[in-house]
Amino acid sequence: MHIIQIVGFKNAGKTTLTCELVRMLAAEGYRVGTLKHDAHDFEPDVPGKDTWQHRQAGAHVTAITSPSRTAWIQEQTTPVDELVSRMESHSLDYLIVEGFKSAPYPKIVLLRSEEDCMLLNLPNVIAACYREPNLLIETEAEACHIPIFLQPDIHSFAPLFQYLLPHLGLT
């Protein structure tokens with residue numbers, strides 16, 4: 001299973017890039033999974049519905065299934081390596097991990113501004129994207145020997161994807 005991470009701060013475009021990668025790989029016939037990290041508490045369920053009521057009543061683990069999907073909700077944090085291990089059991093070709101900045105997998109960093117350049121120092125950064133030309137961001141990426149791609153809109157992923165092909169085991 002090939003793993004690639006997408007990291008950046010809030011509103012950097014992580015979910016957009018994750019979805020585009022999933023679309024690209026799925027269109028090629030690959031089985032793709034995703035893991036998302038949320039730094040804040042989130043409500044995974046609609047208030048008032050059954051699984052929400054189960055959790056409110058004190059359930060530590062809640063699952064819901066239908067003919068087409070299953071979701072697990074567990075009232076505890078789970079380390080990324082355990083989540084990745086569980087994903088491996090699904091015979092995936094690719095796993096796209098959104099977030100988990102300190103995880104050790106090959107990652108693409110999304111930079112919104114110069115203040116985000118600290119992300120270039122994360123482990124295993126293989127590429128960086130930024131939205132507007134910025135000499136400081138370009139200089140920082142070059143100093144870290146990280147290829148950087150200008151990505152001003154959601155239709156400009158092609159250069160990044162071409163660069164990623166060998167990292168994803170594709171040619």
# chains A, B, ... in the order shown; residues from 1 in each chain; ligands from 1

$ residues_around --residues "segment 96-104 of chain A" --least-positions-apart "3" --cutoff "7 Å" --atoms "only C-alpha atoms" --output "count of residues only"
15

$ residues_around --residues "Trp72 of chain A" --least-positions-apart "5" --cutoff "7 Å" --atoms "only C-alpha atoms" --output "PyMOL selection string"
chain A and resi 62-64

$ residues_around --residues "Asp50 of chain A" --least-positions-apart "2" --cutoff "12 Å" --atoms "only C-alpha atoms" --output "number ranges by chain"
A: 45-48, 52-57, 59, 62-65

$ select_by_dssp --residues "chain A" --states "strand (DSSP E or B)" --output "PyMOL selection string"
chain A and resi 2-8+32-36+61-65+70-74+94-98+107-111+125-130+148-150

$ write_last_selection --atoms "N, CA and C atoms" --output "compact mmCIF listing (two decimals), in the first residue's frame"
# COMPACT_ATOMS: atom_id res chain seq x y z
N HIS A 2 0.71 2.12 -0.98
CA HIS A 2 1.44 3.39 -1.05
C HIS A 2 0.71 4.42 -0.18
N ILE A 3 1.48 5.18 0.57
CA ILE A 3 0.90 6.19 1.46
C ILE A 3 1.46 7.55 1.08
N ILE A 4 0.58 8.53 1.01
CA ILE A 4 1.00 9.92 0.81
C ILE A 4 0.19 10.79 1.75
N GLN A 5 0.86 11.75 2.37
CA GLN A 5 0.20 12.67 3.30
C GLN A 5 0.01 14.02 2.65
N ILE A 6 -1.07 14.68 3.03
CA ILE A 6 -1.33 16.05 2.64
C ILE A 6 -1.41 16.84 3.94
N VAL A 7 -0.50 17.81 4.13
CA VAL A 7 -0.51 18.57 5.38
C VAL A 7 -0.50 20.07 5.09
N GLY A 8 -1.02 20.80 6.03
CA GLY A 8 -1.07 22.26 5.95
C GLY A 8 -1.97 22.75 7.06
N VAL A 32 -8.49 3.07 -3.20
CA VAL A 32 -7.91 4.18 -2.46
C VAL A 32 -8.66 4.35 -1.14
N GLY A 33 -7.91 4.56 -0.08
CA GLY A 33 -8.49 4.87 1.22
C GLY A 33 -7.99 6.23 1.67
N THR A 34 -8.69 6.82 2.60
CA THR A 34 -8.26 8.10 3.17
C THR A 34 -8.35 8.06 4.69
N LEU A 35 -7.47 8.79 5.32
CA LEU A 35 -7.51 9.03 6.76
C LEU A 35 -7.46 10.53 6.95
N LYS A 36 -8.29 11.06 7.81
CA LYS A 36 -8.29 12.50 8.08
C LYS A 36 -8.09 12.74 9.57
N VAL A 61 -17.99 2.97 21.99
CA VAL A 61 -17.83 2.66 20.57
C VAL A 61 -19.21 2.54 19.96
N THR A 62 -19.38 3.17 18.82
CA THR A 62 -20.65 3.09 18.10
C THR A 62 -20.34 2.77 16.65
N ALA A 63 -21.09 1.88 16.05
CA ALA A 63 -20.94 1.58 14.63
C ALA A 63 -22.30 1.67 13.98
N ILE A 64 -22.30 2.05 12.74
CA ILE A 64 -23.53 2.07 11.96
C ILE A 64 -23.20 1.48 10.60
N THR A 65 -24.11 0.68 10.09
CA THR A 65 -23.87 0.06 8.79
C THR A 65 -25.13 0.11 7.96
N THR A 70 -20.15 1.46 6.20
CA THR A 70 -20.07 1.29 7.65
C THR A 70 -19.22 2.40 8.22
N ALA A 71 -19.62 2.94 9.35
CA ALA A 71 -18.82 3.96 10.04
C ALA A 71 -18.65 3.54 11.49
N TRP A 72 -17.45 3.75 12.00
CA TRP A 72 -17.14 3.48 13.40
C TRP A 72 -16.89 4.81 14.09
N ILE A 73 -17.43 4.96 15.27
CA ILE A 73 -17.18 6.13 16.09
C ILE A 73 -16.73 5.63 17.44
N GLN A 74 -15.53 6.03 17.82
CA GLN A 74 -14.94 5.56 19.07
C GLN A 74 -14.55 6.78 19.89
N TYR A 94 -3.64 2.51 -2.45
CA TYR A 94 -3.17 3.81 -1.99
C TYR A 94 -3.94 4.26 -0.77
N LEU A 95 -3.22 4.94 0.12
CA LEU A 95 -3.83 5.57 1.28
C LEU A 95 -3.40 7.03 1.28
N ILE A 96 -4.38 7.92 1.26
CA ILE A 96 -4.10 9.35 1.32
C ILE A 96 -4.42 9.79 2.75
N VAL A 97 -3.42 10.31 3.43
CA VAL A 97 -3.55 10.73 4.82
C VAL A 97 -3.61 12.25 4.84
N GLU A 98 -4.71 12.79 5.34
CA GLU A 98 -4.88 14.24 5.42
C GLU A 98 -4.62 14.67 6.86
N LYS A 107 5.13 13.30 2.35
CA LYS A 107 4.06 14.29 2.45
C LYS A 107 4.23 15.45 1.49
N ILE A 108 3.07 16.00 1.13
CA ILE A 108 2.97 17.23 0.37
C ILE A 108 2.52 18.30 1.36
N VAL A 109 3.23 19.41 1.37
CA VAL A 109 2.93 20.51 2.27
C VAL A 109 2.23 21.61 1.48
N LEU A 110 1.12 22.10 2.02
CA LEU A 110 0.40 23.20 1.41
C LEU A 110 0.66 24.47 2.21
N LEU A 111 1.18 25.48 1.54
CA LEU A 111 1.58 26.73 2.19
C LEU A 111 0.64 27.85 1.77
N VAL A 125 9.04 15.49 3.71
CA VAL A 125 8.34 16.35 2.76
C VAL A 125 8.92 16.08 1.37
N ILE A 126 8.05 15.70 0.43
CA ILE A 126 8.52 15.41 -0.93
C ILE A 126 8.13 16.50 -1.92
N ALA A 127 7.21 17.38 -1.53
CA ALA A 127 6.80 18.48 -2.40
C ALA A 127 6.03 19.50 -1.57
N ALA A 128 5.97 20.71 -2.11
CA ALA A 128 5.20 21.78 -1.47
C ALA A 128 4.41 22.51 -2.55
N CYS A 129 3.25 23.02 -2.15
CA CYS A 129 2.41 23.82 -3.04
C CYS A 129 2.12 25.14 -2.37
N TYR A 130 2.02 26.19 -3.20
CA TYR A 130 1.64 27.50 -2.69
C TYR A 130 0.73 28.15 -3.71
N ILE A 148 8.78 22.79 -5.34
CA ILE A 148 7.60 23.58 -5.00
C ILE A 148 6.79 23.86 -6.26
N PHE A 149 5.47 23.82 -6.09
CA PHE A 149 4.55 23.97 -7.22
C PHE A 149 3.56 25.08 -6.93
N LEU A 150 3.44 25.99 -7.88
CA LEU A 150 2.45 27.05 -7.80
C LEU A 150 1.10 26.43 -8.14

$ atom_distance --atom1 "atom CA of Ser91 of chain A" --atom2 "atom CA of Ala39 of chain A"
27.7 Å
